[in-house]
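One file, run_26.pdb, is given below (PDB, C-alpha atoms).
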ATOM      1  CA  ALA A   1       2.644 -12.854 -25.612
ATOM      2  CA  ASN A   2       1.557 -16.474 -25.417
ATOM      3  CA  TYR A   3       3.217 -19.852 -25.782
ATOM      4  CA  ARG A   4       1.454 -23.222 -26.049
ATOM      5  CA  GLN A   5       3.014 -26.688 -26.205
ATOM      6  CA  ASP A   6       1.367 -30.110 -26.355
ATOM      7  CA  ILE A   7       3.387 -33.074 -25.115
ATOM      8  CA  GLY A   8       1.339 -36.235 -25.250
ATOM      9  CA  ASN A   9      -1.647 -35.707 -22.940
ATOM     10  CA  VAL A  10       0.058 -32.703 -21.291
ATOM     11  CA  THR A  11      -0.700 -29.177 -22.475
ATOM     12  CA  VAL A  12       1.387 -26.226 -21.294
ATOM     13  CA  ASN A  13       0.205 -22.667 -21.828
ATOM     14  CA  VAL A  14       2.266 -19.642 -20.729
ATOM     15  CA  GLY A  15       1.693 -15.965 -21.428
ATOM     16  CA  GLY A  16       2.042 -12.499 -20.055
ATOM     17  CA  SER A  17       2.133  -8.762 -20.580
ATOM     18  CA  LEU A  18       4.722  -6.097 -19.806
ATOM     19  CA  SER A  19       4.140  -2.344 -19.729
ATOM     20  CA  TYR A  20       6.597   0.530 -19.409
ATOM     21  CA  VAL A  21       5.606   4.062 -18.389
ATOM     22  CA  ASP A  22       8.017   6.781 -19.500
ATOM     23  CA  ASN A  23       7.002   9.156 -16.734
ATOM     24  CA  LYS A  24       9.109  12.240 -17.279
ATOM     25  CA  ILE A  25       8.095  15.879 -17.651
ATOM     26  CA  THR A  26       9.853  17.367 -20.669
ATOM     27  CA  SER A  27       8.935  21.028 -20.098
ATOM     28  CA  ILE A  28       6.624  23.352 -18.165
ATOM     29  CA  ASP A  29       5.932  26.985 -19.055
ATOM     30  CA  PHE A  30       5.466  29.467 -16.190
ATOM     31  CA  LEU A  31       4.389  33.099 -16.262
ATOM     32  CA  LEU A  32       7.031  33.931 -13.635
ATOM     33  CA  LYS A  33      10.570  33.118 -14.746
ATOM     34  CA  GLU A  34      11.706  32.312 -11.207
ATOM     35  CA  GLU A  35       9.169  29.467 -10.992
ATOM     36  CA  ASN A  36      10.395  26.027 -12.116
ATOM     37  CA  SER A  37       8.108  23.518 -10.428
ATOM     38  CA  ILE A  38       4.620  22.772  -9.070
ATOM     39  CA  VAL A  39       4.324  21.348  -5.542
ATOM     40  CA  ASN A  40       1.083  19.702  -4.393
ATOM     41  CA  GLU A  41       0.479  19.150  -0.668
ATOM     42  CA  VAL A  42      -1.798  16.151  -0.020
ATOM     43  CA  GLU A  43      -2.496  15.049   3.571
ATOM     44  CA  GLY A  44       1.069  15.199   4.816
ATOM     45  CA  VAL A  45       2.685  14.418   1.451
ATOM     46  CA  SER A  46       4.547  16.802  -0.865
ATOM     47  CA  LEU A  47       4.495  15.940  -4.574
ATOM     48  CA  ILE A  48       6.555  17.879  -7.082
ATOM     49  CA  THR A  49       6.176  18.202 -10.834
ATOM     50  CA  LYS A  50       9.309  19.562 -12.474
ATOM     51  CA  ALA A  51      10.871  19.475 -15.931
ATOM     52  CA  GLY A  52      13.303  16.607 -16.305
ATOM     53  CA  GLU A  53      11.782  14.607 -13.438
ATOM     54  CA  PRO A  54       8.923  12.087 -13.070
ATOM     55  CA  MET A  55       5.485  13.629 -12.558
ATOM     56  CA  TYR A  56       4.222  13.755  -8.945
ATOM     57  CA  SER A  57       7.560  12.749  -7.408
ATOM     58  CA  TYR A  58       7.806  12.684  -3.614
ATOM     59  CA  PHE A  59       9.484  15.893  -2.462
ATOM     60  CA  GLY A  60      10.937  16.056   1.017
ATOM     61  CA  LEU A  61      13.992  15.797   3.239
ATOM     62  CA  LYS A  62      16.517  12.979   3.002
ATOM     63  CA  THR A  63      17.682  11.365   6.238
ATOM     64  CA  ASN A  64      21.326  10.623   6.999
ATOM     65  CA  GLY A  65      21.383   8.697  10.259
ATOM     66  CA  ILE A  66      20.988   9.845  13.870
ATOM     67  CA  PHE A  67      22.974  12.390  15.888
ATOM     68  CA  ASN A  68      24.811  10.399  18.558
ATOM     69  CA  ASN A  69      26.139  13.326  20.596
ATOM     70  CA  ASN A  70      25.143  16.888  21.433
ATOM     71  CA  ASP A  71      28.443  18.343  20.203
ATOM     72  CA  GLU A  72      27.504  17.554  16.605
ATOM     73  CA  ALA A  73      23.737  17.895  16.992
ATOM     74  CA  SER A  74      23.850  21.374  18.571
ATOM     75  CA  GLN A  75      25.355  22.785  15.369
ATOM     76  CA  TYR A  76      22.111  22.155  13.445
ATOM     77  CA  ILE A  77      18.668  23.754  13.418
ATOM     78  CA  GLY A  78      15.901  21.325  12.517
ATOM     79  CA  PRO A  79      12.985  21.705  10.094
ATOM     80  CA  ASN A  80      10.741  23.004  12.896
ATOM     81  CA  GLY A  81      13.229  25.729  13.822
ATOM     82  CA  LYS A  82      14.641  24.110  16.966
ATOM     83  CA  GLN A  83      18.217  23.085  17.739
ATOM     84  CA  ALA A  84      18.977  19.383  17.370
ATOM     85  CA  THR A  85      19.965  17.178  20.282
ATOM     86  CA  ALA A  86      21.440  13.686  20.485
ATOM     87  CA  GLY A  87      18.933  11.139  19.175
ATOM     88  CA  ASP A  88      17.420  13.449  16.564
ATOM     89  CA  ILE A  89      17.515  12.623  12.866
ATOM     90  CA  ARG A  90      20.413  13.982  10.840
ATOM     91  CA  TYR A  91      19.010  15.317   7.584
ATOM     92  CA  VAL A  92      21.030  15.937   4.434
ATOM     93  CA  ASP A  93      22.002  19.612   4.531
ATOM     94  CA  VAL A  94      21.944  20.421   0.805
ATOM     95  CA  ASP A  95      23.174  24.020   1.055
ATOM     96  CA  GLY A  96      25.559  23.366   3.940
ATOM     97  CA  ASN A  97      24.302  26.164   6.206
ATOM     98  CA  LYS A  98      23.351  23.765   9.046
ATOM     99  CA  VAL A  99      19.747  24.976   8.949
ATOM    100  CA  ILE A 100      17.337  22.328   7.689
ATOM    101  CA  ASN A 101      14.479  23.966   5.784
ATOM    102  CA  GLU A 102      12.628  24.079   2.463
ATOM    103  CA  LEU A 103      15.888  24.627   0.572
ATOM    104  CA  ASP A 104      17.108  21.186   1.642
ATOM    105  CA  LYS A 105      14.173  19.298   0.145
ATOM    106  CA  MET A 106      14.767  17.015  -2.800
ATOM    107  CA  ILE A 107      13.070  14.272  -4.794
ATOM    108  CA  ILE A 108      12.982  11.199  -2.536
ATOM    109  CA  GLY A 109      10.921   8.790  -4.619
ATOM    110  CA  CYS A 110       8.088   8.398  -7.096
ATOM    111  CA  PRO A 111       4.701   6.708  -6.572
ATOM    112  CA  ILE A 112       4.230   5.816 -10.247
ATOM    113  CA  ALA A 113       5.614   2.408 -11.248
ATOM    114  CA  PRO A 114       7.592   2.536 -14.511
ATOM    115  CA  ILE A 115       7.265  -1.220 -15.081
ATOM    116  CA  TYR A 116       4.262  -3.438 -14.397
ATOM    117  CA  GLY A 117       2.512  -6.389 -15.920
ATOM    118  CA  GLY A 118       1.184  -9.878 -15.487
ATOM    119  CA  LEU A 119       1.997 -13.534 -16.081
ATOM    120  CA  TYR A 120      -0.202 -16.573 -16.390
ATOM    121  CA  ALA A 121       0.478 -20.254 -16.797
ATOM    122  CA  SER A 122      -1.544 -23.430 -17.026
ATOM    123  CA  VAL A 123      -0.682 -27.101 -17.175
ATOM    124  CA  ALA A 124      -3.320 -29.640 -18.157
ATOM    125  CA  VAL A 125      -2.647 -33.332 -17.600
ATOM    126  CA  GLY A 126      -5.499 -35.376 -18.929
ATOM    127  CA  ASN A 127      -8.640 -34.118 -17.186
ATOM    128  CA  VAL A 128      -6.793 -32.209 -14.453
ATOM    129  CA  GLU A 129      -5.674 -28.618 -14.975
ATOM    130  CA  PHE A 130      -3.571 -26.228 -12.876
ATOM    131  CA  LYS A 131      -3.749 -22.473 -13.543
ATOM    132  CA  ALA A 132      -1.863 -19.584 -11.971
ATOM    133  CA  ASP A 133      -2.180 -15.846 -12.570
ATOM    134  CA  PHE A 134       0.459 -13.354 -11.384
ATOM    135  CA  ALA A 135       0.732  -9.553 -11.278
ATOM    136  CA  PHE A 136       3.855  -7.511 -10.651
ATOM    137  CA  SER A 137       5.017  -3.926 -10.327
ATOM    138  CA  THR A 138       8.505  -2.522  -9.835
ATOM    139  CA  GLY A 139      10.200   0.843  -9.458
ATOM    140  CA  ASN A 140       7.513   2.691  -7.514
ATOM    141  CA  ASP A 141       7.691   3.982  -3.952
ATOM    142  CA  ILE A 142       5.045   4.098  -1.211
ATOM    143  CA  TYR A 143       4.428   6.742   1.447
ATOM    144  CA  SER A 144       3.352   4.953   4.643
ATOM    145  CA  HIS A 145       1.100   7.234   6.654
ATOM    146  CA  VAL A 146       0.373   4.174   8.794
ATOM    147  CA  ASN A 147       4.018   4.084   9.880
ATOM    148  CA  LYS A 148       4.053   7.823  10.465
ATOM    149  CA  LEU A 149       1.128   7.522  12.883
ATOM    150  CA  GLY A 150       2.495   4.380  14.498
ATOM    151  CA  GLN A 151       6.105   5.513  14.889
ATOM    152  CA  SER A 152       5.922   9.256  15.600
ATOM    153  CA  MET A 153       5.685   8.689  19.382
ATOM    154  CA  GLN A 154       3.065  11.372  19.930
ATOM    155  CA  LEU A 155       0.791  11.450  22.961
ATOM    156  CA  GLY A 156      -2.671   9.918  22.562
ATOM    157  CA  GLN A 157      -1.732   7.501  19.771
ATOM    158  CA  ASN A 158      -0.932   3.822  20.060
ATOM    159  CA  GLN A 159       2.511   2.989  18.681
ATOM    160  CA  GLN A 160       4.100   0.141  16.773
ATOM    161  CA  ALA A 161       6.420  -2.224  18.620
ATOM    162  CA  ILE A 162       9.440  -0.958  16.660
ATOM    163  CA  VAL A 163       9.535   2.230  18.743
ATOM    164  CA  LYS A 164      11.025   0.132  21.546
ATOM    165  CA  LYS A 165      14.223   0.140  19.471
ATOM    166  CA  ARG A 166      14.439   3.946  19.578
ATOM    167  CA  TRP A 167      17.694   5.771  20.261
ATOM    168  CA  ASN A 168      18.666   6.325  23.877
ATOM    169  CA  SER A 169      21.865   6.673  25.870
ATOM    170  CA  THR A 170      22.271   2.892  26.050
ATOM    171  CA  ASN A 171      21.209   2.245  22.435
ATOM    172  CA  THR A 172      23.201   4.792  20.459
ATOM    173  CA  GLY A 173      23.511   2.464  17.466
ATOM    174  CA  SER A 174      19.779   2.677  16.694
ATOM    175  CA  ASP A 175      18.606   4.089  13.371
ATOM    176  CA  PHE A 176      15.308   5.077  15.032
ATOM    177  CA  PRO A 177      15.110   8.563  16.611
ATOM    178  CA  ALA A 178      14.756   9.214  20.332
ATOM    179  CA  LEU A 179      11.464   9.871  22.080
ATOM    180  CA  SER A 180      10.553  13.536  21.630
ATOM    181  CA  ILE A 181       7.123  14.592  22.856
ATOM    182  CA  GLY A 182       5.806  17.377  20.645
ATOM    183  CA  ASP A 183       8.495  16.801  18.009
ATOM    184  CA  GLU A 184       9.988  20.268  18.441
ATOM    185  CA  TYR A 185      12.988  19.446  16.254
ATOM    186  CA  GLY A 186      11.100  17.824  13.361
ATOM    187  CA  ASN A 187      11.847  14.090  13.334
ATOM    188  CA  ASN A 188       8.371  13.388  11.953
ATOM    189  CA  VAL A 189       8.237  15.814   9.027
ATOM    190  CA  PHE A 190       7.790  14.427   5.507
ATOM    191  CA  SER A 191      11.031  12.685   4.577
ATOM    192  CA  ASP A 192      12.341   9.443   3.145
ATOM    193  CA  ARG A 193      11.853   7.999   6.629
ATOM    194  CA  TRP A 194       8.264   7.314   5.545
ATOM    195  CA  ILE A 195       9.056   6.176   1.997
ATOM    196  CA  GLU A 196       9.485   2.499   1.072
ATOM    197  CA  ASP A 197       9.997   0.454  -2.062
ATOM    198  CA  GLY A 198       6.579  -0.596  -3.359
ATOM    199  CA  SER A 199       7.677  -3.332  -5.775
ATOM    200  CA  TYR A 200       5.831  -6.634  -5.539
ATOM    201  CA  VAL A 201       4.932  -9.907  -7.222
ATOM    202  CA  ARG A 202       1.502 -11.311  -6.373
ATOM    203  CA  MET A 203      -0.165 -14.593  -7.207
ATOM    204  CA  ARG A 204      -3.632 -13.274  -7.940
ATOM    205  CA  SER A 205      -5.174 -16.679  -8.323
ATOM    206  CA  PHE A 206      -4.364 -20.366  -8.385
ATOM    207  CA  THR A 207      -6.926 -22.867  -9.635
ATOM    208  CA  VAL A 208      -7.023 -26.653  -9.686
ATOM    209  CA  SER A 209      -9.822 -28.182 -11.731
ATOM    210  CA  TYR A 210     -11.021 -31.622 -12.760
ATOM    211  CA  LYS A 211     -13.222 -32.245 -15.786
ATOM    212  CA  TYR A 212     -15.336 -35.396 -15.648
ATOM    213  CA  PRO A 213     -14.564 -37.168 -18.932
ATOM    214  CA  LYS A 214     -18.026 -38.525 -19.688
ATOM    215  CA  SER A 215     -21.534 -37.223 -20.172
ATOM    216  CA  THR A 216     -24.543 -38.800 -18.525
ATOM    217  CA  LYS A 217     -28.310 -38.634 -18.829
ATOM    218  CA  ILE A 218     -28.246 -35.894 -16.180
ATOM    219  CA  PHE A 219     -25.486 -33.629 -17.543
ATOM    220  CA  ASP A 220     -23.346 -33.170 -20.634
ATOM    221  CA  ASN A 221     -20.207 -32.046 -18.785
ATOM    222  CA  LEU A 222     -19.044 -31.576 -15.208
ATOM    223  CA  THR A 223     -16.038 -29.638 -13.851
ATOM    224  CA  LEU A 224     -15.002 -29.344 -10.224
ATOM    225  CA  TYR A 225     -12.584 -26.561  -9.252
ATOM    226  CA  LEU A 226     -10.878 -24.931  -6.284
ATOM    227  CA  THR A 227      -9.559 -21.364  -6.607
ATOM    228  CA  ALA A 228      -7.346 -19.508  -4.147
ATOM    229  CA  SER A 229      -7.011 -15.722  -4.562
ATOM    230  CA  ASN A 230      -4.180 -13.489  -3.312
ATOM    231  CA  LEU A 231      -2.440 -16.548  -1.951
ATOM    232  CA  VAL A 232       1.138 -15.201  -2.022
ATOM    233  CA  THR A 233       2.621 -11.698  -2.251
ATOM    234  CA  LEU A 234       6.388 -11.155  -2.425
ATOM    235  CA  THR A 235       7.412  -7.640  -1.382
ATOM    236  CA  SER A 236       9.757  -5.773   0.931
ATOM    237  CA  TYR A 237       7.023  -3.271   1.820
ATOM    238  CA  SER A 238       6.254  -3.327   5.553
ATOM    239  CA  GLY A 239       2.575  -2.442   5.177
ATOM    240  CA  LEU A 240      -0.388  -4.767   4.833
ATOM    241  CA  ASP A 241      -0.641  -4.557   1.054
ATOM    242  CA  PRO A 242       1.613  -2.901  -1.561
ATOM    243  CA  GLU A 243      -1.217  -2.810  -4.120
ATOM    244  CA  PHE A 244      -3.838  -0.206  -3.281
ATOM    245  CA  MET A 245      -5.302   3.174  -4.191
ATOM    246  CA  LEU A 246      -7.066   5.324  -1.640
ATOM    247  CA  TYR A 247      -8.999   7.443  -4.142
ATOM    248  CA  ASN A 248      -9.314   7.523  -7.905
ATOM    249  CA  ASP A 249      -6.848  10.392  -7.972
ATOM    250  CA  PRO A 250      -3.180  10.247  -9.066
ATOM    251  CA  LEU A 251      -2.208  12.462  -6.115
ATOM    252  CA  TYR A 252      -3.144   9.569  -3.789
ATOM    253  CA  LEU A 253      -1.710   6.813  -5.978
ATOM    254  CA  SER A 254       0.747   5.242  -3.499
ATOM    255  CA  ASN A 255      -0.170   6.944  -0.239
ATOM    256  CA  ASP A 256      -0.953   4.248   2.322
ATOM    257  CA  TYR A 257      -3.484   5.492   4.884
ATOM    258  CA  GLY A 258      -4.384   2.009   6.079
ATOM    259  CA  LYS A 259      -6.926   0.921   3.493
ATOM    260  CA  MET A 260      -8.233  -2.622   3.921
ATOM    261  CA  PRO A 261      -5.842  -5.051   2.166
ATOM    262  CA  GLN A 262      -7.013  -7.440  -0.515
ATOM    263  CA  PRO A 263      -8.040 -10.599   1.352
ATOM    264  CA  LYS A 264      -7.052 -14.177   0.709
ATOM    265  CA  SER A 265     -10.037 -16.236  -0.391
ATOM    266  CA  PHE A 266     -10.803 -19.835  -1.305
ATOM    267  CA  VAL A 267     -13.671 -20.801  -3.579
ATOM    268  CA  PHE A 268     -14.877 -24.309  -4.389
ATOM    269  CA  GLY A 269     -17.200 -24.566  -7.349
ATOM    270  CA  VAL A 270     -18.998 -26.884  -9.737
ATOM    271  CA  LYS A 271     -19.607 -26.155 -13.411
ATOM    272  CA  LEU A 272     -22.457 -28.231 -14.738
ATOM    273  CA  GLY A 273     -23.544 -28.338 -18.379
ATOM    274  CA  LEU A 274     -27.039 -29.769 -18.892
TER     275      LEU A 274
END
Written as structure tokens, how would this file's structure read?
Amino acid sequence: ANYRQDIGNVTVNVGGSLSYVDNKITSIDFLLKEENSIVNEVEGVSLITKAGEPMYSYFGLKTNGIFNNNDEASQYIGPNGKQATAGDIRYVDVDGNKVINELDKMIIGCPIAPIYGGLYASVAVGNVEFKADFAFSTGNDIYSHVNKLGQSMQLGQNQQAIVKKRWNSTNTGSDFPALSIGDEYGNNVFSDRWIEDGSYVRMRSFTVSYKYPKSTKIFDNLTLYLTASNLVTLTSYSGLDPEFMLYNDPLYLSNDYGKMPQPKSFVFGVKLGL
């Protein structure tokens, strides 16, 4: 869509595009009647394809706070087969048997954005023009492997500063699990602890240009411009960049392994017509 309006020596031009992806599996036929889904394991991530659900949905455990005392915690067996203690993550126990395992996994997000698009706008006042180009995406989730490495509190790995807020006897209100070398209980297994909203709005470029109004014996036209790229990104994602793709493979679509973010850049240029 595009809209243009001339008001005296001012010209306004606005346009954009909007796309919707209806990502839902309608049916899958299996040779074995007891099978109803396909689960792909990709570098610490579980992705499920199941009828009635979005393709390649994140499939894992759902967290439900932190155990604050051993009386409650000791009633549960964690995903690694060990009894919980105070400071461990409380997972949603789907079947209610107080044993957290494969049967308690559920869909915890989807890496494929259902809505995405772009916007652009320009305003020209006489010989000066301002242009802006935006991109946006909403509804997708991101698996942050960067956070998993930086918050798992394992020996031999540097950690993010947030681990200082971990649960302990004097900080029982923390939503961050206690230090547990070796992770015997399973605080670091694939769960919605590592999943974040990947929605964003990004100003891809902003350009200011000036067109010299006259021709000379040396040139027919002259335009000076300054372009800034990736100037602003609005997102709640905690990683460096919500817009990335590790490989050209849908299984890695929104899995953040720390790829270099898109840099900010500034370019000054001259367009000269002879």
Next on the checklist: Could you check the closest approach to A:Asn158 for each of A:Asp88, A:Tyr200, A:Val146, A:Val123 and tell me which residue wins, using only C-alpha atoms?
Outcome noted: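 Checking each of A:Asp88, A:Tyr200, A:Val146, A:Val123 against A:Asn158, counting only C-alpha atoms, the winner is A:Val146.
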Checklist entry - Just so the selection is clear, what residues does the PyMOL selection byres ((chain A and resi 23-28) around 8) cover here, as an MDAnalysis selection string? => result chainID A and resid 21:22 29:30 36:37 49:55 112 114
C-alpha atoms of the current selection, written as a PDB file, in the coordinates of the input:
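Saved file selection-v7.pdb follows:
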ATOM      1  CA  VAL A  21       5.606   4.062 -18.389  1.00  0.00           C
ATOM      2  CA  ASP A  22       8.017   6.781 -19.500  1.00  0.00           C
ATOM      3  CA  ASP A  29       5.932  26.985 -19.055  1.00  0.00           C
ATOM      4  CA  PHE A  30       5.466  29.467 -16.190  1.00  0.00           C
ATOM      5  CA  ASN A  36      10.395  26.027 -12.116  1.00  0.00           C
ATOM      6  CA  SER A  37       8.108  23.518 -10.428  1.00  0.00           C
ATOM      7  CA  THR A  49       6.176  18.202 -10.834  1.00  0.00           C
ATOM      8  CA  LYS A  50       9.309  19.562 -12.474  1.00  0.00           C
ATOM      9  CA  ALA A  51      10.871  19.475 -15.931  1.00  0.00           C
ATOM     10  CA  GLY A  52      13.303  16.607 -16.305  1.00  0.00           C
ATOM     11  CA  GLU A  53      11.782  14.607 -13.438  1.00  0.00           C
ATOM     12  CA  PRO A  54       8.923  12.087 -13.070  1.00  0.00           C
ATOM     13  CA  MET A  55       5.485  13.629 -12.558  1.00  0.00           C
ATOM     14  CA  ILE A 112       4.230   5.816 -10.247  1.00  0.00           C
ATOM     15  CA  PRO A 114       7.592   2.536 -14.511  1.00  0.00           C
TER      16      PRO A 114
END
Next on the checklist: Please enumerate the residues selected by the PyMOL selection byres ((chain A and resi 91) around 8) when evaluated against the supplied file, formatted as a PyMOL selection string.
Outcome noted: chain A and resi 61-65+89-90+92-93+100
Checklist entry - So what do you get for atom CA of A:Asn221 versus atom CA of A:Asp133, distance-wise? => result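 Atom CA of A:Asp133 lies at a distance of 25.0 Å from atom CA of A:Asn221.
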Next on the checklist: Between atom CA of A:Asn101 and atom CA of A:Gly87, what distance in Å does the model show, to one decimal?
Outcome noted: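 So the two atoms, atom CA of A:Asn101 and atom CA of A:Gly87, lie 19.1 Å apart.
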Next on the checklist: As a check of understanding, name the residues that the PyMOL selection byres ((chain A and resi 235) around 7) selects in the supplied structure, as number ranges by chain.
Outcome noted: A: 199-201, 233-234, 236-237
Checklist entry - Closest to A:Asn140 among A:Phe266, A:Tyr185, A:Tyr58, A:Phe190, using all atoms listed in the file? => result A:Tyr58
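Proximity to A:Tyr56 was assessed for A:Asn168, A:Ser265, A:Ser122, A:Ser254 counting all atoms listed in the file; the smallest distance is recorded for A:Ser254.
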Item to check | For A:Leu179, the nearest of the candidates A:Phe219, A:Thr85, A:Ser209, A:Gln262, counting only C-alpha atoms | outcome: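 Closest candidate: A:Thr85.
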Item to check | For A:Glu43, the nearest of the candidates A:Ser229, A:Asp175, A:Leu274, A:Ser144, counting all atoms listed in the file | outcome: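 For A:Glu43, the nearest of the candidates is A:Ser144.
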Starting from 6 Å padding per side, set up an axis-aligned box that covers all listed atoms of stretch 150-161 of chain A and hand over centre and edge lengths in Å, one decimal, as JSON.
{"center_x": 1.9, "center_y": 4.6, "center_z": 18.7, "size_x": 21.1, "size_y": 25.7, "size_z": 20.5}
Next on the checklist: Neighbouring residues of A:Leu149 were defined as those with any atom within 8 Å, considering all atoms listed in the file; residues of the same chain fewer than 4 positions away were excluded. Please report them as a ChimeraX atom specification.
Outcome noted: /A:145,157,159
Next on the checklist: So, with only C-alpha atoms as the atoms that count, which of A:Phe176, A:Trp167, A:Phe134, A:Tyr143 lies closest to A:Ile195?
Outcome noted: A:Tyr143
Checklist entry - Can you tell me how far atom CA of A:Leu231 sits from atom CA of A:Lys264, in Å to one decimal? => result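 These two atoms are separated by 5.8 Å.
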Next on the checklist: Residues within 9 Å of A:Gln75, please, as a ChimeraX atom specification. Count all atoms listed in the file; anything in the same chain fewer than 3 positions from it doesn't count.
Outcome noted: /A:70-72,83-84,98-99
Next on the checklist: Can you pull out the residues contacting stretch 162-166 of chain A? Cut-off 7 Å, using all atoms listed in the file, and skip same-chain residues under 6 positions away; I want them as a count of residues only.
Outcome noted: 5
Item to check | Within 7 Å of file point (9.4, 9.8, -6.3), counting all atoms listed in the file, expressed as a PyMOL selection string | outcome: chain A and resi 57-58+107-111+141
